[in-house]
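Colleague: What follows is structure-v2.pdb; its format and atoms are PDB, C-alpha atoms.
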```
ATOM      1  CA  GLN I  25       0.000   0.000   0.000
ATOM      2  CA  PHE I  26       2.986   2.360   0.406
ATOM      3  CA  TYR I  27       4.486   1.854  -3.056
ATOM      4  CA  TRP I  28       2.266   4.476  -4.721
ATOM      5  CA  ARG I  29       4.776   7.233  -3.938
ATOM      6  CA  MET I  30       8.502   7.322  -4.515
ATOM      7  CA  ASN I  31      11.201   9.862  -3.897
ATOM      8  CA  ALA I  32      11.812  12.210  -6.793
ATOM      9  CA  ARG I  33      14.992  11.596  -8.771
ATOM     10  CA  ARG I  34      16.667  13.073 -11.821
ATOM     11  CA  MET I  35      16.426  11.460 -15.234
ATOM     12  CA  GLU I  36      19.530   9.785 -16.587
ATOM     13  CA  ALA I  37      21.285  11.445 -19.503
ATOM     14  CA  GLN I  38      19.905   9.042 -22.106
ATOM     15  CA  VAL I  39      16.353   9.455 -20.827
ATOM     16  CA  VAL I  40      16.549  13.254 -21.114
ATOM     17  CA  ARG I  41      17.776  13.084 -24.727
ATOM     18  CA  ASP I  42      15.360  10.326 -25.730
ATOM     19  CA  SER I  43      12.445  12.198 -24.104
ATOM     20  CA  LEU I  44      13.208  15.296 -26.158
ATOM     21  CA  LEU I  45      13.275  13.279 -29.366
ATOM     22  CA  HIS I  46      10.162  11.261 -28.463
ATOM     23  CA  LEU I  47       8.075  14.325 -27.572
ATOM     24  CA  ALA I  48       9.066  15.897 -30.891
ATOM     25  CA  GLY I  49       7.992  12.735 -32.698
ATOM     26  CA  VAL I  50      11.382  12.043 -34.291
ATOM     27  CA  LEU I  51      12.805   9.261 -32.102
ATOM     28  CA  ASP I  52      13.815   6.230 -34.169
ATOM     29  CA  LEU I  53      12.634   3.202 -32.186
ATOM     30  CA  THR I  54      14.294   0.613 -34.440
ATOM     31  CA  ARG I  55      15.681  -2.222 -32.343
ATOM     32  CA  GLY I  56      19.182  -3.585 -32.714
ATOM     33  CA  GLY I  57      21.855  -2.626 -35.145
ATOM     34  CA  PRO I  58      25.384  -1.288 -34.915
ATOM     35  CA  SER I  59      26.610   1.285 -32.411
ATOM     36  CA  LEU I  60      26.522   4.873 -33.643
ATOM     37  CA  ASN I  61      28.857   7.804 -33.212
ATOM     38  CA  PRO I  62      27.218  10.402 -30.946
ATOM     39  CA  ARG I  63      25.963  13.402 -32.975
ATOM     40  CA  ASP I  64      22.986  15.764 -32.757
ATOM     41  CA  SER I  65      21.687  14.552 -36.115
ATOM     42  CA  VAL I  66      21.317  10.945 -34.923
ATOM     43  CA  ARG I  67      17.691  10.155 -34.065
ATOM     44  CA  ARG I  68      18.218   6.645 -32.703
ATOM     45  CA  ARG I  69      17.888   5.981 -28.994
ATOM     46  CA  SER I  70      20.907   7.039 -26.939
ATOM     47  CA  LEU I  71      21.343   3.419 -25.917
ATOM     48  CA  TYR I  72      22.995   2.794 -29.301
ATOM     49  CA  PHE I  73      25.754   5.411 -28.930
ATOM     50  CA  LYS I  74      29.360   4.249 -28.810
ATOM     51  CA  HIS I  75      31.103   4.827 -25.514
ATOM     52  CA  SER I  76      34.727   5.778 -25.820
ATOM     53  CA  ARG I  77      37.117   8.261 -24.320
ATOM     54  CA  ASP I  78      37.380  10.155 -27.612
ATOM     55  CA  GLN I  79      33.751  10.188 -28.717
ATOM     56  CA  GLN I  80      31.479  11.543 -26.024
ATOM     57  CA  ASP I  81      28.291  13.460 -26.547
ATOM     58  CA  LYS I  82      28.564  16.778 -24.679
ATOM     59  CA  PHE I  83      24.837  16.888 -23.939
ATOM     60  CA  LEU I  84      24.846  13.411 -22.382
ATOM     61  CA  LYS I  85      28.066  14.077 -20.489
ATOM     62  CA  THR I  86      26.508  17.168 -18.906
ATOM     63  CA  PHE I  87      23.649  15.050 -17.544
ATOM     64  CA  ASN I  88      25.945  12.450 -15.928
ATOM     65  CA  ASP I  89      26.304   9.920 -18.695
ATOM     66  CA  ALA I  90      27.503   6.515 -17.517
ATOM     67  CA  ASP I  91      31.288   6.418 -17.240
ATOM     68  CA  HIS I  92      32.579   3.507 -19.286
ATOM     69  CA  LEU I  93      35.939   3.642 -17.480
ATOM     70  CA  GLN I  94      34.233   2.900 -14.144
ATOM     71  CA  CYS I  95      32.057  -0.057 -15.155
ATOM     72  CA  TYR I  96      29.317   2.286 -16.417
ATOM     73  CA  ARG I  97      28.617   3.780 -13.016
ATOM     74  CA  ARG I  98      26.837   7.076 -13.012
ATOM     75  CA  SER I  99      26.578   9.683 -10.345
ATOM     76  CA  GLU I 100      23.482  11.774  -9.814
ATOM     77  CA  SER I 101      24.076  15.487  -9.606
ATOM     78  CA  ILE I 102      22.314  18.766 -10.157
ATOM     79  CA  ALA I 103      24.598  21.331 -11.734
ATOM     80  CA  PRO I 104      23.992  24.726 -13.380
ATOM     81  CA  GLN I 105      25.537  23.364 -16.568
ATOM     82  CA  GLN I 106      22.552  21.041 -16.970
ATOM     83  CA  ALA I 107      20.133  23.959 -17.144
ATOM     84  CA  LEU I 108      22.460  25.730 -19.552
ATOM     85  CA  ALA I 109      22.633  22.612 -21.729
ATOM     86  CA  LEU I 110      18.845  22.483 -21.997
ATOM     87  CA  SER I 111      18.689  26.230 -22.632
ATOM     88  CA  ASN I 112      21.417  26.485 -25.238
ATOM     89  CA  SER I 113      21.809  23.121 -26.918
ATOM     90  CA  LYS I 114      20.943  22.915 -30.566
ATOM     91  CA  LEU I 115      19.062  19.680 -29.917
ATOM     92  CA  ALA I 116      16.770  21.199 -27.249
ATOM     93  CA  ILE I 117      15.976  24.263 -29.366
ATOM     94  CA  GLN I 118      15.176  22.175 -32.456
ATOM     95  CA  MET I 119      13.021  19.742 -30.523
ATOM     96  CA  ALA I 120      11.130  22.603 -28.821
ATOM     97  CA  GLY I 121      10.217  23.883 -32.273
ATOM     98  CA  LYS I 122       9.053  20.443 -33.420
ATOM     99  CA  ILE I 123       6.995  19.928 -30.249
ATOM    100  CA  ALA I 124       5.325  23.320 -30.700
ATOM    101  CA  GLU I 125       4.512  22.465 -34.339
ATOM    102  CA  ARG I 126       2.851  19.202 -33.297
ATOM    103  CA  LEU I 127       0.547  20.876 -30.777
ATOM    104  CA  GLU I 128      -2.163  22.892 -32.461
ATOM    105  CA  SER I 129      -4.883  23.437 -29.918
ATOM    106  CA  GLU I 130      -7.145  26.011 -28.339
ATOM    107  CA  ASP I 131      -5.727  25.277 -24.886
ATOM    108  CA  PHE I 132      -2.048  25.229 -25.834
ATOM    109  CA  VAL I 133      -0.835  25.978 -22.302
ATOM    110  CA  GLY I 134      -2.817  23.143 -20.715
ATOM    111  CA  ILE I 135      -1.794  20.584 -23.316
ATOM    112  CA  VAL I 136       1.898  21.506 -23.302
ATOM    113  CA  PHE I 137       1.963  21.370 -19.487
ATOM    114  CA  GLU I 138       0.423  17.902 -19.472
ATOM    115  CA  LEU I 139       2.702  16.658 -22.234
ATOM    116  CA  LEU I 140       5.985  17.995 -20.844
ATOM    117  CA  LEU I 141       5.444  18.112 -17.098
ATOM    118  CA  GLY I 142       2.779  15.441 -16.612
ATOM    119  CA  ARG I 143       0.354  17.685 -14.780
ATOM    120  CA  LYS I 144      -2.143  20.470 -15.339
ATOM    121  CA  PRO I 145      -1.041  24.059 -14.704
ATOM    122  CA  ASP I 146      -2.496  25.854 -11.722
ATOM    123  CA  ASP I 147      -4.182  29.228 -12.244
ATOM    124  CA  ALA I 148      -1.057  31.303 -11.566
ATOM    125  CA  GLU I 149       1.051  29.184 -13.940
ATOM    126  CA  ARG I 150      -1.593  29.414 -16.645
ATOM    127  CA  ARG I 151      -1.742  33.226 -16.354
ATOM    128  CA  GLU I 152       2.049  33.524 -16.467
ATOM    129  CA  CYS I 153       2.306  31.265 -19.505
ATOM    130  CA  GLU I 154      -0.433  33.111 -21.370
ATOM    131  CA  THR I 155       1.251  36.432 -20.572
ATOM    132  CA  ALA I 156       4.589  35.047 -21.738
ATOM    133  CA  LEU I 157       3.002  33.798 -24.987
ATOM    134  CA  ALA I 158       1.515  37.233 -25.666
ATOM    135  CA  ASP I 159       4.826  38.974 -24.873
ATOM    136  CA  LEU I 160       6.836  36.602 -27.063
ATOM    137  CA  GLU I 161       4.400  37.028 -29.940
ATOM    138  CA  THR I 162       4.531  40.826 -29.623
ATOM    139  CA  ALA I 163       8.335  40.786 -29.611
ATOM    140  CA  ALA I 164       8.439  38.533 -32.694
ATOM    141  CA  THR I 165       5.947  40.791 -34.483
ATOM    142  CA  LYS I 166       7.983  43.921 -33.678
ATOM    143  CA  ALA I 167      11.139  42.208 -34.939
ATOM    144  CA  LYS I 168       9.233  41.296 -38.139
ATOM    145  CA  LYS I 169       9.914  37.590 -37.711
ATOM    146  CA  ALA I 170       7.964  35.070 -39.762
ATOM    147  CA  ASN I 171       5.061  33.339 -37.989
ATOM    148  CA  PRO I 172       5.218  35.124 -34.606
ATOM    149  CA  ALA I 173       2.566  32.917 -32.970
ATOM    150  CA  GLN I 174       4.552  29.761 -33.729
ATOM    151  CA  ARG I 175       7.776  31.388 -32.476
ATOM    152  CA  ALA I 176       6.020  32.323 -29.232
ATOM    153  CA  ARG I 177       4.796  28.757 -28.755
ATOM    154  CA  ARG I 178       8.297  27.412 -29.417
ATOM    155  CA  GLY I 179       9.629  29.812 -26.772
ATOM    156  CA  LEU I 180       7.120  28.605 -24.194
ATOM    157  CA  VAL I 181       7.863  24.947 -24.943
ATOM    158  CA  HIS I 182      11.590  25.655 -24.658
ATOM    159  CA  ALA I 183      11.046  27.353 -21.296
ATOM    160  CA  LEU I 184       9.025  24.391 -19.985
ATOM    161  CA  LEU I 185      11.732  21.964 -21.137
ATOM    162  CA  ASN I 186      13.968  23.779 -18.660
ATOM    163  CA  HIS I 187      11.497  23.266 -15.798
ATOM    164  CA  ASN I 188      12.681  21.023 -12.967
ATOM    165  CA  ASP I 189       9.605  18.823 -13.347
ATOM    166  CA  PHE I 190      10.662  17.890 -16.894
ATOM    167  CA  VAL I 191      13.958  16.330 -15.798
ATOM    168  CA  SER I 192      12.556  14.799 -12.576
ATOM    169  CA  ILE I 193      10.842  11.449 -12.214
ATOM    170  CA  ARG I 194       8.222  11.520  -9.510
TER     171      ARG I 194
END
```
Rewrite the coordinates I just gave you, this time as structure tokens.
Modeller:
Amino acid sequence: QFYWRMNARRMEAQVVRDSLLHLAGVLDLTRGGPSLNPRDSVRRRSLYFKHSRDQQDKFLKTFNDADHLQCYRRSESIAPQQALALSNSKLAIQMAGKIAERLESEDFVGIVFELLLGRKPDDAERRECETALADLETAATKAKKANPAQRARRGLVHALLNHNDFVSIR
């Protein structure tokens, strides 16, 4: 009866990357095959990446990738570099755009919250997100960017990908 709740923990590096790709709808779920060199353009699961001293994916390394020199042990840590990796990585920005493209709905804020964070937004979060969407769309319009509404949605998705609840398993 007490197993319904567990302590929160951080996602492993491969789970973070694979979650981004899966939510964007581009994760290649093909089973088996040869090991691949780690690159941003690879859409296979991170499980299939080669592990070597010379070829390490920077994104995975930031999120405590398993160390192949120590029998694939991994340490769990929370570091500022992890937030910066999700904010600035090419992969995260591209996947935020693809996620925003996939979600065309009246209640964009509610759906994106449920998809990315696994819960509904409370009233304060909903107001803040709607304000942020309006501000981002206004800024894109003033800068004469193409499709300002879509750019605003991509910005909100990217911000929610950086939320602690996205990288935590509860």
Colleague: What's the 12 Å shell around Asp52 in chain I, counting all atoms listed in the file, without same-chain residues fewer than 6 positions away, as an MDAnalysis selection string?
Modeller: chainID I and resid 42:43 45:46 65:72
Colleague: Pull out every residue that the PyMOL selection byres ((chain I and resi 177) around 12) matches in the shown coordinates and put them as JSON, numbers by chain.
Modeller: {"I": [120, 121, 122, 123, 124, 125, 126, 127, 128, 129, 131, 132, 133, 135, 136, 153, 154, 155, 156, 157, 158, 159, 160, 161, 164, 171, 172, 173, 174, 175, 176, 178, 179, 180, 181, 182, 183, 184]}
Colleague: Take the residues from that selection and write them out as a PDB file, keeping the file's coordinate frame, keeping C-alpha atoms.
Modeller:
```pdb
ATOM      1  CA  ALA I 120      11.130  22.603 -28.821  1.00  0.00           C
ATOM      2  CA  GLY I 121      10.217  23.883 -32.273  1.00  0.00           C
ATOM      3  CA  LYS I 122       9.053  20.443 -33.420  1.00  0.00           C
ATOM      4  CA  ILE I 123       6.995  19.928 -30.249  1.00  0.00           C
ATOM      5  CA  ALA I 124       5.325  23.320 -30.700  1.00  0.00           C
ATOM      6  CA  GLU I 125       4.512  22.465 -34.339  1.00  0.00           C
ATOM      7  CA  ARG I 126       2.851  19.202 -33.297  1.00  0.00           C
ATOM      8  CA  LEU I 127       0.547  20.876 -30.777  1.00  0.00           C
ATOM      9  CA  GLU I 128      -2.163  22.892 -32.461  1.00  0.00           C
ATOM     10  CA  SER I 129      -4.883  23.437 -29.918  1.00  0.00           C
ATOM     11  CA  ASP I 131      -5.727  25.277 -24.886  1.00  0.00           C
ATOM     12  CA  PHE I 132      -2.048  25.229 -25.834  1.00  0.00           C
ATOM     13  CA  VAL I 133      -0.835  25.978 -22.302  1.00  0.00           C
ATOM     14  CA  ILE I 135      -1.794  20.584 -23.316  1.00  0.00           C
ATOM     15  CA  VAL I 136       1.898  21.506 -23.302  1.00  0.00           C
ATOM     16  CA  CYS I 153       2.306  31.265 -19.505  1.00  0.00           C
ATOM     17  CA  GLU I 154      -0.433  33.111 -21.370  1.00  0.00           C
ATOM     18  CA  THR I 155       1.251  36.432 -20.572  1.00  0.00           C
ATOM     19  CA  ALA I 156       4.589  35.047 -21.738  1.00  0.00           C
ATOM     20  CA  LEU I 157       3.002  33.798 -24.987  1.00  0.00           C
ATOM     21  CA  ALA I 158       1.515  37.233 -25.666  1.00  0.00           C
ATOM     22  CA  ASP I 159       4.826  38.974 -24.873  1.00  0.00           C
ATOM     23  CA  LEU I 160       6.836  36.602 -27.063  1.00  0.00           C
ATOM     24  CA  GLU I 161       4.400  37.028 -29.940  1.00  0.00           C
ATOM     25  CA  ALA I 164       8.439  38.533 -32.694  1.00  0.00           C
ATOM     26  CA  ASN I 171       5.061  33.339 -37.989  1.00  0.00           C
ATOM     27  CA  PRO I 172       5.218  35.124 -34.606  1.00  0.00           C
ATOM     28  CA  ALA I 173       2.566  32.917 -32.970  1.00  0.00           C
ATOM     29  CA  GLN I 174       4.552  29.761 -33.729  1.00  0.00           C
ATOM     30  CA  ARG I 175       7.776  31.388 -32.476  1.00  0.00           C
ATOM     31  CA  ALA I 176       6.020  32.323 -29.232  1.00  0.00           C
ATOM     32  CA  ARG I 178       8.297  27.412 -29.417  1.00  0.00           C
ATOM     33  CA  GLY I 179       9.629  29.812 -26.772  1.00  0.00           C
ATOM     34  CA  LEU I 180       7.120  28.605 -24.194  1.00  0.00           C
ATOM     35  CA  VAL I 181       7.863  24.947 -24.943  1.00  0.00           C
ATOM     36  CA  HIS I 182      11.590  25.655 -24.658  1.00  0.00           C
ATOM     37  CA  ALA I 183      11.046  27.353 -21.296  1.00  0.00           C
ATOM     38  CA  LEU I 184       9.025  24.391 -19.985  1.00  0.00           C
TER      39      LEU I 184
END
```
Colleague: Using all atoms listed in the file for the distances, tell me which of I:Gln106, I:Val40, I:Ser111, I:Asp81 is nearest to Leu140 in chain I.
Modeller: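 Using all atoms listed in the file, the shortest distance to Leu140 in chain I belongs to I:Val40.
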Colleague: Can you work out which one of I:Met119, I:Phe87, I:Asn186, I:Ala170 has the shortest atom-to-atom distance to Arg34 in chain I, counting only C-alpha atoms?
Modeller: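 Smallest distance to Arg34 in chain I is found for I:Phe87.
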Colleague: Would you work out the distance separating CA of Val191 in chain I from CA of Lys85 in chain I, expressed in Å to one decimal?
Modeller: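 Between these atoms lies a distance of 15.0 Å.
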Colleague: Take CA of Pro145 in chain I and CA of Ile117 in chain I and report the distance between them in Å, one decimal.
Modeller: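 Atom-to-atom, CA of Pro145 in chain I to CA of Ile117 in chain I, that is 22.5 Å.
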Colleague: Go through I:Gln38, I:Ser113, I:Gln118, I:Gln105 one by one, measure the shortest atom-to-atom distance of each to Leu84 in chain I using only C-alpha atoms, and give the residue with the smallest value.
Modeller: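 Nearest candidate to Leu84 in chain I out of I:Gln38, I:Ser113, I:Gln118, I:Gln105: I:Gln38.
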Colleague: Would you mind reading off the distance between CA of Arg194 in chain I and CA of Met35 in chain I, one decimal, in Å?
Modeller: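 Result for CA of Arg194 in chain I versus CA of Met35 in chain I: 10.0 Å, one decimal.
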Colleague: Just want the 9 Å neighbourhood of Ala109 in chain I, counted on all atoms listed in the file, with same-chain residues fewer than 6 positions away dropped. Output as a list in words.
Modeller: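 Skipping anything fewer than 6 positions along the chain leaves Lys82, Phe83, Thr86, Phe87 and Ala116 of chain I.
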Colleague: Would you translate the PyMOL selection byres ((chain I and resi 31) around 10) into the concrete set of residues it matches in this file, as an MDAnalysis selection string?
Modeller: chainID I and resid 29:30 32:33 193:194
Colleague: Could those residues be written to a file, using C-alpha atoms, as a short mmCIF file (atom, residue, chain, number, x, y, z; two decimals), in the frame of the given file?
Modeller:
```
data_model
loop_
_atom_site.label_atom_id
_atom_site.label_comp_id
_atom_site.auth_asym_id
_atom_site.auth_seq_id
_atom_site.Cartn_x
_atom_site.Cartn_y
_atom_site.Cartn_z
CA ARG I 29 4.78 7.23 -3.94
CA MET I 30 8.50 7.32 -4.51
CA ALA I 32 11.81 12.21 -6.79
CA ARG I 33 14.99 11.60 -8.77
CA ILE I 193 10.84 11.45 -12.21
CA ARG I 194 8.22 11.52 -9.51
#
```
Colleague: With distances taken over all atoms listed in the file, which of I:Leu60, I:Ala167, I:Ala148, I:Leu139 is nearest to Leu47 in chain I?
Modeller: I:Leu139
